[in-house]
>>> print(open('upload18.cif').read())   # mmCIF, C-alpha atoms
data_model
#
loop_
_atom_site.label_atom_id
_atom_site.label_comp_id
_atom_site.auth_asym_id
_atom_site.auth_seq_id
_atom_site.Cartn_x
_atom_site.Cartn_y
_atom_site.Cartn_z
CA MET A 9 117.12 92.29 161.09
CA ASN A 10 119.15 94.88 159.21
CA LYS A 11 121.14 96.97 161.68
CA ASN A 12 120.30 100.17 159.73
CA ILE A 13 116.52 99.81 160.23
CA ASN A 14 114.91 102.39 162.47
CA GLN A 15 112.38 100.61 164.67
CA ASN A 16 108.82 101.94 164.36
CA LEU A 17 109.88 104.31 161.58
CA ASN A 18 107.67 103.57 158.59
CA LEU A 19 107.69 105.31 155.23
CA LEU A 20 105.10 106.08 152.55
CA ILE A 21 106.63 106.91 149.14
CA ILE A 22 104.65 108.59 146.37
CA THR A 23 106.35 108.28 142.96
CA GLN A 24 105.63 108.11 139.26
CA LYS A 25 106.68 104.58 138.38
CA VAL A 26 108.07 101.43 139.95
CA ASP A 27 109.67 99.45 137.13
CA LEU A 28 113.26 98.24 137.13
CA ASN A 29 113.11 97.96 133.30
CA ASP A 30 112.20 101.61 132.74
CA ASP A 31 114.85 103.62 130.90
CA LEU A 32 114.22 106.90 132.75
CA LEU A 33 112.75 105.98 136.14
CA GLY A 34 114.26 102.54 136.68
CA PHE A 35 116.84 104.10 139.02
CA PHE A 36 114.15 104.68 141.65
CA HIS A 37 113.88 100.92 142.20
CA ARG A 38 117.33 101.10 143.86
CA TRP A 39 116.19 104.05 145.96
CA ILE A 40 113.30 101.97 147.32
CA GLU A 41 115.67 99.10 148.10
CA GLU A 42 117.91 101.46 150.06
CA PHE A 43 114.94 103.00 151.89
CA ALA A 44 113.91 99.48 152.87
CA LYS A 45 117.24 99.04 154.68
CA ASN A 46 116.51 102.04 156.88
CA PHE A 47 112.76 101.85 157.56
CA GLU A 48 110.82 99.04 159.22
CA LYS A 49 108.03 99.27 156.63
CA VAL A 50 107.98 100.94 153.22
CA ILE A 51 104.73 101.51 151.35
CA VAL A 52 104.94 102.76 147.77
CA ILE A 53 102.09 104.36 145.85
CA CYS A 54 102.94 104.84 142.19
CA LEU A 55 101.08 106.08 139.16
CA GLN A 56 102.27 103.06 137.19
CA LYS A 57 103.99 99.79 138.06
CA GLY A 58 105.92 97.26 136.02
CA GLU A 59 108.44 94.62 137.04
CA TYR A 60 110.02 94.97 140.47
CA LYS A 61 112.01 92.88 142.92
CA LEU A 62 111.85 94.52 146.31
CA PRO A 63 112.45 93.37 149.91
CA GLN A 64 109.66 91.81 151.96
CA ASN A 65 109.12 94.94 154.03
CA VAL A 66 107.99 96.84 150.91
CA LYS A 67 104.39 96.99 149.63
CA VAL A 68 103.57 98.53 146.24
CA PHE A 69 100.20 100.00 145.26
CA SER A 70 99.51 101.36 141.78
CA LEU A 71 97.04 104.07 140.78
CA GLY A 72 96.54 102.04 137.63
CA LYS A 73 98.14 103.80 134.66
CA GLU A 74 99.45 100.46 133.38
CA GLU A 75 95.84 99.26 133.13
CA TYR A 76 94.86 102.11 130.82
CA ILE A 77 97.77 102.23 128.39
CA HIS A 78 96.20 99.74 125.97
CA ASN A 79 92.57 100.44 126.90
CA LEU A 80 91.00 103.10 124.72
CA TYR A 81 87.50 102.72 126.12
CA HIS A 82 87.99 104.70 129.35
CA SER A 83 87.86 108.45 129.06
CA HIS A 84 90.61 110.63 130.49
CA VAL A 85 88.21 112.00 133.11
CA ILE A 86 87.20 108.52 134.30
CA ARG A 87 90.84 107.43 134.53
CA ARG A 88 91.71 110.50 136.61
CA LEU A 89 88.77 109.90 138.94
CA VAL A 90 89.69 106.24 139.42
CA SER A 91 93.31 107.18 140.16
CA LEU A 92 92.20 109.84 142.63
CA TYR A 93 89.89 107.39 144.39
CA ARG A 94 92.69 104.85 144.69
CA PHE A 95 95.11 107.48 145.99
CA TYR A 96 92.82 108.45 148.88
CA LYS A 97 91.89 104.83 149.49
CA TYR A 98 95.53 103.77 149.88
CA ILE A 99 96.73 106.68 152.04
CA PHE A 100 93.73 106.12 154.35
CA GLN A 101 93.82 102.32 154.62
CA GLU A 102 97.58 102.34 155.28
CA ARG A 103 97.54 105.35 157.63
CA LYS A 104 98.63 103.25 160.64
CA ASN A 105 101.53 101.75 158.69
CA TYR A 106 103.54 104.93 158.02
CA ASN A 107 104.60 108.05 159.88
CA VAL A 108 106.71 109.72 157.17
CA VAL A 109 105.63 110.62 153.63
CA PHE A 110 108.23 111.08 150.87
CA ILE A 111 106.87 112.55 147.63
CA HIS A 112 109.27 112.17 144.73
CA MET A 113 108.98 114.97 142.14
CA ASN A 114 105.15 115.08 141.92
CA SER A 115 104.31 118.06 144.11
CA GLU A 116 100.60 117.83 143.24
CA TYR A 117 100.33 114.85 145.60
CA VAL A 118 101.44 117.06 148.49
CA ILE A 119 98.48 119.34 147.71
CA LEU A 120 96.08 116.39 147.36
CA GLY A 121 97.15 114.62 150.55
CA GLY A 122 98.74 117.36 152.63
CA LEU A 123 95.79 118.24 154.87
CA PHE A 124 95.01 114.55 155.45
CA TRP A 125 98.60 113.91 156.51
CA LYS A 126 98.64 116.98 158.74
CA VAL A 127 95.49 115.81 160.54
CA PHE A 128 97.04 112.37 161.12
CA ASN A 129 100.38 113.88 162.19
CA LYS A 130 102.50 112.52 159.34
CA LYS A 131 105.75 114.25 158.42
CA ILE A 132 105.76 115.35 154.77
CA PHE A 133 109.01 115.40 152.78
CA MET A 134 108.98 116.58 149.16
CA TRP A 135 111.74 115.98 146.61
CA ARG A 136 111.62 118.49 143.75
CA ASN A 137 114.44 119.46 141.41
CA HIS A 138 112.79 121.47 138.65
CA PRO A 139 114.13 125.00 138.07
CA CYS A 140 110.61 126.37 137.45
CA GLY A 141 107.67 126.62 139.83
CA ASN A 142 104.40 128.46 140.44
CA PHE A 143 101.74 129.20 143.04
CA LEU A 144 100.85 125.50 143.36
CA THR A 145 104.50 124.69 144.01
CA ASN A 146 104.49 127.28 146.77
CA ILE A 147 101.45 125.62 148.35
CA ALA A 148 103.18 122.23 148.21
CA VAL A 149 106.24 123.72 149.92
CA PHE A 150 104.02 125.33 152.59
CA LEU A 151 102.38 121.97 153.36
CA SER A 152 105.71 120.11 153.48
CA ASP A 153 107.81 119.77 156.61
CA ARG A 154 111.01 119.53 154.59
CA VAL A 155 111.82 120.03 150.90
CA PHE A 156 114.80 118.46 149.16
CA CYS A 157 116.63 119.28 145.93
CA THR A 158 120.12 118.78 144.56
CA SER A 159 120.97 122.22 143.20
CA GLU A 160 120.88 125.86 144.25
CA TYR A 161 119.28 126.54 140.86
CA SER A 162 116.20 124.51 141.74
CA TYR A 163 113.00 126.54 142.30
CA THR A 164 112.60 125.26 145.84
CA ALA A 165 116.17 126.14 146.88
CA LYS A 166 115.06 129.64 147.94
CA PHE A 167 112.80 128.35 150.73
CA LYS A 168 114.08 128.09 154.31
CA LYS A 169 112.73 124.57 154.76
CA ASN A 170 114.65 123.39 151.67
CA GLU A 171 117.79 121.26 152.06
CA ILE A 172 120.36 120.59 149.34
CA MET A 173 120.84 116.83 149.13
CA PRO A 174 123.04 114.26 147.37
CA ALA A 175 121.63 113.08 144.04
CA GLY A 176 121.51 109.45 145.18
CA ILE A 177 123.83 107.60 142.78
CA ASP A 178 124.39 103.90 143.42
CA THR A 179 128.18 103.94 143.17
CA GLU A 180 128.40 100.16 143.53
CA THR A 181 126.40 99.77 140.32
CA PHE A 182 127.77 102.79 138.47
CA LYS A 183 131.52 102.26 138.41
CA ARG A 184 134.38 101.53 136.03
CA PHE A 185 134.37 98.01 134.58
CA GLU A 186 137.97 97.19 133.69
CA ASN A 187 136.88 94.32 131.45
CA ILE A 188 135.06 96.76 129.13
CA GLN A 189 137.27 98.62 126.69
CA ARG A 190 136.12 102.09 125.77
CA ILE A 191 135.43 102.80 122.10
CA PRO A 192 138.16 105.21 120.88
CA ASN A 193 136.93 108.78 120.29
CA SER A 194 133.42 107.85 121.41
CA ILE A 195 130.82 110.40 122.52
CA LEU A 196 127.62 109.43 124.32
CA TYR A 197 124.25 111.08 124.73
CA LEU A 198 121.90 109.13 127.01
CA GLY A 199 118.43 110.31 127.96
CA ARG A 200 115.06 111.34 126.65
CA ILE A 201 115.06 112.92 123.19
CA SER A 202 113.06 116.13 123.54
CA PRO A 203 113.48 119.88 122.91
CA ILE A 204 114.28 120.54 126.59
CA LYS A 205 117.29 118.21 126.27
CA ASN A 206 118.70 120.27 123.35
CA VAL A 207 119.93 117.25 121.37
CA ASP A 208 119.87 119.36 118.19
CA ILE A 209 122.77 121.43 119.61
CA LEU A 210 124.80 118.24 119.95
CA ILE A 211 124.06 117.23 116.34
CA GLU A 212 125.11 120.68 115.12
CA ALA A 213 128.37 120.33 117.08
CA ALA A 214 128.94 116.86 115.60
CA ASN A 215 128.47 118.25 112.09
CA LEU A 216 131.06 120.91 112.85
CA LEU A 217 133.50 118.28 114.14
CA ASP A 218 133.05 116.35 110.92
CA LYS A 219 133.80 119.45 108.83
CA GLU A 220 136.99 119.92 110.87
CA GLY A 221 138.05 116.37 110.00
CA ILE A 222 137.82 115.12 113.61
CA ASN A 223 137.55 111.38 114.05
CA PHE A 224 134.66 110.43 116.40
CA ILE A 225 131.56 108.33 116.85
CA LEU A 226 128.44 109.70 118.57
CA ASN A 227 126.14 107.16 120.22
CA ILE A 228 122.65 108.42 121.01
CA VAL A 229 120.75 106.29 123.52
CA GLY A 230 117.13 107.16 124.19
CA GLU A 231 113.80 107.69 122.51
CA PRO A 232 111.31 110.54 122.17
CA GLY A 233 108.08 110.64 124.11
CA ALA A 234 104.75 110.66 122.32
CA LYS A 235 104.77 114.47 122.15
CA ASP A 236 108.30 114.71 120.79
CA LYS A 237 108.08 112.65 117.58
CA GLU A 238 108.31 115.77 115.41
CA TYR A 239 111.43 116.92 117.26
CA PHE A 240 112.97 113.47 116.77
CA GLU A 241 112.37 113.71 113.03
CA LYS A 242 114.20 117.06 113.08
CA ILE A 243 117.11 115.40 114.87
CA LYS A 244 117.23 112.55 112.39
CA LYS A 245 117.25 115.00 109.48
CA LEU A 246 120.14 116.97 111.04
CA ALA A 247 122.06 113.74 111.60
CA LYS A 248 121.30 112.18 108.21
CA ASP A 249 124.73 112.63 106.61
CA LEU A 250 126.71 111.63 109.70
CA GLU A 251 124.48 108.60 110.22
CA LYS A 252 125.28 107.47 106.66
CA LYS A 253 128.99 107.85 107.43
CA GLY A 254 128.60 105.75 110.59
CA LYS A 255 129.62 108.67 112.80
CA ILE A 256 126.22 108.86 114.53
CA LYS A 257 124.28 105.85 115.78
CA PHE A 258 120.75 105.94 117.22
CA LEU A 259 120.60 103.01 119.64
CA GLY A 260 117.10 103.43 121.09
CA LYS A 261 116.25 103.23 124.77
CA VAL A 262 117.67 100.77 127.31
CA PRO A 263 116.66 99.87 130.88
CA ASN A 264 118.43 101.93 133.53
CA TYR A 265 120.18 98.85 134.94
CA LYS A 266 121.99 98.37 131.60
CA THR A 267 123.34 101.92 131.44
CA PRO A 268 126.54 101.30 133.49
CA GLU A 269 127.78 99.09 130.66
CA ILE A 270 126.99 101.82 128.12
CA TYR A 271 128.80 104.49 130.11
CA ASN A 272 131.80 102.17 130.32
CA GLN A 273 131.87 101.71 126.55
CA ASN A 274 132.17 105.44 125.83
CA GLU A 275 134.85 108.03 126.58
CA ILE A 276 132.88 111.28 126.72
CA PHE A 277 129.35 111.87 128.00
CA ILE A 278 127.39 114.94 126.87
CA ASN A 279 124.50 116.54 128.76
CA LEU A 280 122.81 119.61 127.31
CA THR A 281 120.15 120.16 129.98
CA LEU A 282 119.99 123.75 131.19
CA SER A 283 120.85 124.77 134.74
CA GLY A 284 118.44 123.69 137.46
CA SER A 285 119.52 120.40 138.96
CA PHE A 286 122.32 117.88 139.21
CA ASP A 287 121.10 115.69 136.35
CA LYS A 288 121.62 112.13 137.57
CA THR A 289 122.93 110.92 134.18
CA ILE A 290 125.90 113.29 134.51
CA LEU A 291 126.75 111.89 137.93
CA GLU A 292 126.21 108.30 136.78
CA ALA A 293 128.67 108.90 133.93
CA MET A 294 131.16 110.51 136.34
CA ALA A 295 130.83 107.52 138.68
CA CYS A 296 131.76 105.32 135.69
CA GLU A 297 134.86 107.51 135.17
CA CYS A 298 133.69 109.04 131.89
CA LEU A 299 134.68 112.52 130.87
CA VAL A 300 131.59 114.74 130.97
CA LEU A 301 130.74 117.93 129.10
CA VAL A 302 127.77 119.89 130.44
CA ALA A 303 125.92 123.16 129.93
CA ASN A 304 124.55 123.09 133.47
CA LYS A 305 125.90 125.93 135.63
CA SER A 306 125.17 123.83 138.71
CA PHE A 307 128.46 122.10 137.94
CA GLU A 308 130.57 125.24 138.13
CA GLY A 309 133.08 124.62 140.90
CA VAL A 310 132.58 120.86 140.51
CA LEU A 311 134.00 120.37 137.01
CA PRO A 312 137.02 122.17 135.55
CA LYS A 313 135.87 125.03 133.29
CA GLU A 314 137.06 123.13 130.22
CA PHE A 315 134.18 120.66 130.73
CA ILE A 316 131.42 123.29 130.82
CA PHE A 317 130.18 124.79 127.54
CA ASN A 318 127.90 127.75 126.91
CA GLN A 319 124.20 126.88 126.85
CA GLY A 320 122.84 126.63 123.31
CA ASP A 321 126.26 127.27 121.73
CA PHE A 322 127.14 124.36 119.43
CA GLN A 323 130.42 126.01 118.39
CA ASP A 324 131.61 126.20 121.99
CA LEU A 325 130.53 122.60 122.53
CA ALA A 326 132.45 121.53 119.43
CA SER A 327 135.64 123.27 120.62
CA LYS A 328 135.33 121.62 124.06
CA LEU A 329 134.81 118.24 122.41
CA ILE A 330 137.90 118.67 120.25
CA TRP A 331 139.91 119.49 123.36
CA ALA A 332 138.56 116.47 125.27
CA LEU A 333 139.09 114.06 122.37
CA LYS A 334 142.74 115.11 122.10
CA LEU A 335 143.53 114.43 125.76
CA SER A 336 146.05 111.65 126.37
CA SER A 337 144.92 108.33 127.83
CA SER A 338 146.58 109.14 131.16
CA GLU A 339 144.86 112.55 131.31
CA LYS A 340 141.46 110.97 130.57
CA GLU A 341 142.07 108.36 133.26
CA LYS A 342 143.05 110.97 135.86
CA TYR A 343 140.00 113.12 135.18
CA GLY A 344 137.80 110.03 135.30
CA LYS A 345 139.09 108.96 138.71
CA ASP A 346 138.68 112.50 140.06
CA PHE A 347 135.09 112.60 138.81
CA ARG A 348 134.23 109.28 140.44
CA LYS A 349 135.79 110.40 143.72
CA TYR A 350 133.59 113.49 143.72
CA VAL A 351 130.41 111.43 143.21
CA MET A 352 131.33 108.92 145.90
CA GLU A 353 132.05 111.67 148.43
CA ASN A 354 129.07 113.89 147.63
CA HIS A 355 126.26 112.07 145.85
CA ASN A 356 126.14 108.39 146.71
CA LEU A 357 122.78 106.78 147.43
CA GLU A 358 123.54 105.51 150.93
CA THR A 359 124.45 109.02 152.12
CA LEU A 360 121.25 110.43 150.65
CA ILE A 361 118.97 107.98 152.47
CA GLN A 362 120.82 108.55 155.74
CA LYS A 363 120.39 112.31 155.38
CA ILE A 364 116.66 111.89 154.78
CA CYS A 365 116.43 109.79 157.95
CA LYS A 366 118.33 112.48 159.89
CA ALA A 367 115.95 115.12 158.50
CA TYR A 368 113.06 113.19 160.07
CA GLU A 369 114.85 112.92 163.42
CA SER A 370 115.63 116.65 163.48
CA SER A 371 112.06 117.59 162.52
CA ASN A 372 110.62 115.96 165.66
#
>>> encode(input="upload18.cif", output="structure tokens")
Amino acid sequence: MNKNINQNLNLLIITQKVDLNDDLLGFFHRWIEEFAKNFEKVIVICLQKGEYKLPQNVKVFSLGKEEYIHNLYHSHVIRRLVSLYRFYKYIFQERKNYNVVFIHMNSEYVILGGLFWKVFNKKIFMWRNHPCGNFLTNIAVFLSDRVFCTSEYSYTAKFKKNEIMPAGIDTETFKRFENIQRIPNSILYLGRISPIKNVDILIEAANLLDKEGINFILNIVGEPGAKDKEYFEKIKKLAKDLEKKGKIKFLGKVPNYKTPEIYNQNEIFINLTLSGSFDKTILEAMACECLVLVANKSFEGVLPKEFIFNQGDFQDLASKLIWALKLSSSEKEKYGKDFRKYVMENHNLETLIQKICKAYESSN
């Protein structure tokens, strides 16, 4: 038996999706694997499941979203009722098989199951990183024994029961591959294409770089959600001329497990998300020794000021990009190694899981 496993310590995880092929949430598959090394039993309830390869001490239950994606005959109300029935069914039938509940991002499940778990004396841990919140968020925090986030800018950071945690980056997967040569003057955006990600600011900066005669290639990896098709068309229109010149490439989405290779192919990673959390893609890129440019104030004191641009300011982003592109190879390598060292010391996955286990021990 794994020496890390805590005897008689069993975990229930509530999460959105279990699918190692998912481009956005595939990373959580590794989290579950790491949890399985530290808990005797791990039960996962997810809204949707796809392909997964998990240890024998892990059971996965789905609320059934994957069943409805291609089925147009069930109304939204019926689907919600079926999911709700399954949720209560699973947390009740497995009640003797877990003593800790870990809710990942979806605070509504704390509200739905909180009183049940209190009655049955289950510890409730909630992970929530969003910078915004409301009265329902406050209720979820009240019902939780501990709340975790990765940034002081997160909404939950103001509560006494909140604990700032590592972001949980698998530094054995996300690392520098010496056999992969970086594309010269390459810039990478990787993530969902939506207004909240501010990709249009990046395109505007790229257009400015082109006018300045800067040599570069911008690789955009990701796709829009169903609600963001119109925004994507706006992006494509902004990028039209540079795409014709071969300076911008839209590469579509890729599974999370393939992203280390993509980080390793590019020199500079751009993240335009506003302050609120330690976006995991930034830390993944840093672990792969990329240079990173961010608008997120959470990284002040972590990154040199030259790598942080003003939110919504494409001119400032362009000037920072020009500076980064002109760095020597040795300077880029030194920054890259420093960035990886920071992630390994502060945000690796193993440390995160151990801290969650310690939070349980200290809450008893």
>>> residues_around(input="upload18.cif", residues="stretch 30-34 of chain A", least_positions_apart="5", cutoff="8 Å", atoms="only C-alpha atoms", output="list in words")
Lys25, Gly199, Arg200, Gly230, Lys261, Val262, Pro263, Asn264 and Tyr265 of chain A
>>> resolve_selection(input="upload18.cif", expression="the PyMOL selection byres ((chain A and resi 95) around 10)", output="ChimeraX atom specification")
/A:22,53-55,69-71,89-94,96-100,117,120-121
>>> atom_distance(input="upload18.cif", atom1="atom CA of A:Arg348", atom2="atom CA of A:Ala295")
4.2 Å
>>> atom_distance(input="upload18.cif", atom1="atom CA of A:Ile188", atom2="atom CA of A:Val229")
18.1 Å
>>> closest_residue(input="upload18.cif", among="A:Phe258, A:Tyr343, A:Phe224, A:Tyr163", to="A:Pro139", atoms="only C-alpha atoms")
A:Tyr163
>>> residues_around(input="upload18.cif", residues="A:Leu216", least_positions_apart="3", cutoff="8 Å", atoms="all atoms listed in the file", output="ChimeraX atom specification")
/A:212-213,219-220,323,326
>>> atom_distance(input="upload18.cif", atom1="atom CA of A:Ser115", atom2="atom CA of A:Trp39")
18.5 Å
>>> residues_around(input="upload18.cif", residues="A:Phe133", least_positions_apart="5", cutoff="7 Å", atoms="only C-alpha atoms", output="list of chain:residue names")
A:Val109, A:Phe110, A:Ile111, A:Ser152, A:Asp153, A:Arg154, A:Val155
>>> closest_residue(input="upload18.cif", among="A:Ser83, A:Asn356, A:Gln64, A:Asn318", to="A:Glu48", atoms="only C-alpha atoms")
A:Gln64
>>> resolve_selection(input="upload18.cif", expression="the PyMOL selection byres ((chain A and resi 297) around 9)", output="JSON, numbers by chain")
{"A": [183, 184, 271, 272, 275, 292, 293, 294, 295, 296, 298, 299, 300, 340, 341, 342, 343, 344, 345, 346, 347, 348]}
>>> residues_around(input="upload18.cif", residues="A:Leu325", least_positions_apart="4", cutoff="9 Å", atoms="all atoms listed in the file", output="PDB file with C-alpha atoms, in the frame of the given file")
ATOM      1  CA  ILE A 209     122.770 121.430 119.610  1.00  0.00           C
ATOM      2  CA  LEU A 210     124.800 118.240 119.950  1.00  0.00           C
ATOM      3  CA  ALA A 213     128.370 120.330 117.080  1.00  0.00           C
ATOM      4  CA  LEU A 301     130.740 117.930 129.100  1.00  0.00           C
ATOM      5  CA  VAL A 302     127.770 119.890 130.440  1.00  0.00           C
ATOM      6  CA  ALA A 303     125.920 123.160 129.930  1.00  0.00           C
ATOM      7  CA  ILE A 316     131.420 123.290 130.820  1.00  0.00           C
ATOM      8  CA  PHE A 317     130.180 124.790 127.540  1.00  0.00           C
ATOM      9  CA  ASN A 318     127.900 127.750 126.910  1.00  0.00           C
ATOM     10  CA  GLN A 319     124.200 126.880 126.850  1.00  0.00           C
ATOM     11  CA  GLY A 320     122.840 126.630 123.310  1.00  0.00           C
ATOM     12  CA  ASP A 321     126.260 127.270 121.730  1.00  0.00           C
ATOM     13  CA  LEU A 329     134.810 118.240 122.410  1.00  0.00           C
ATOM     14  CA  ILE A 330     137.900 118.670 120.250  1.00  0.00           C
TER      15      ILE A 330
END
>>> resolve_selection(input="upload18.cif", expression="the PyMOL selection byres ((chain A and resi 281) around 7)", output="count of residues only")
9
>>> closest_residue(input="upload18.cif", among="A:Leu259, A:Val66, A:Val50, A:Ile21", to="A:Asn114", atoms="only C-alpha atoms")
A:Ile21
>>> residues_around(input="upload18.cif", residues="A:Pro63", least_positions_apart="6", cutoff="10 Å", atoms="only C-alpha atoms", output="list in words")
Ile40, Glu41, Glu42, Ala44, Lys45, Lys49 and Val50 of chain A
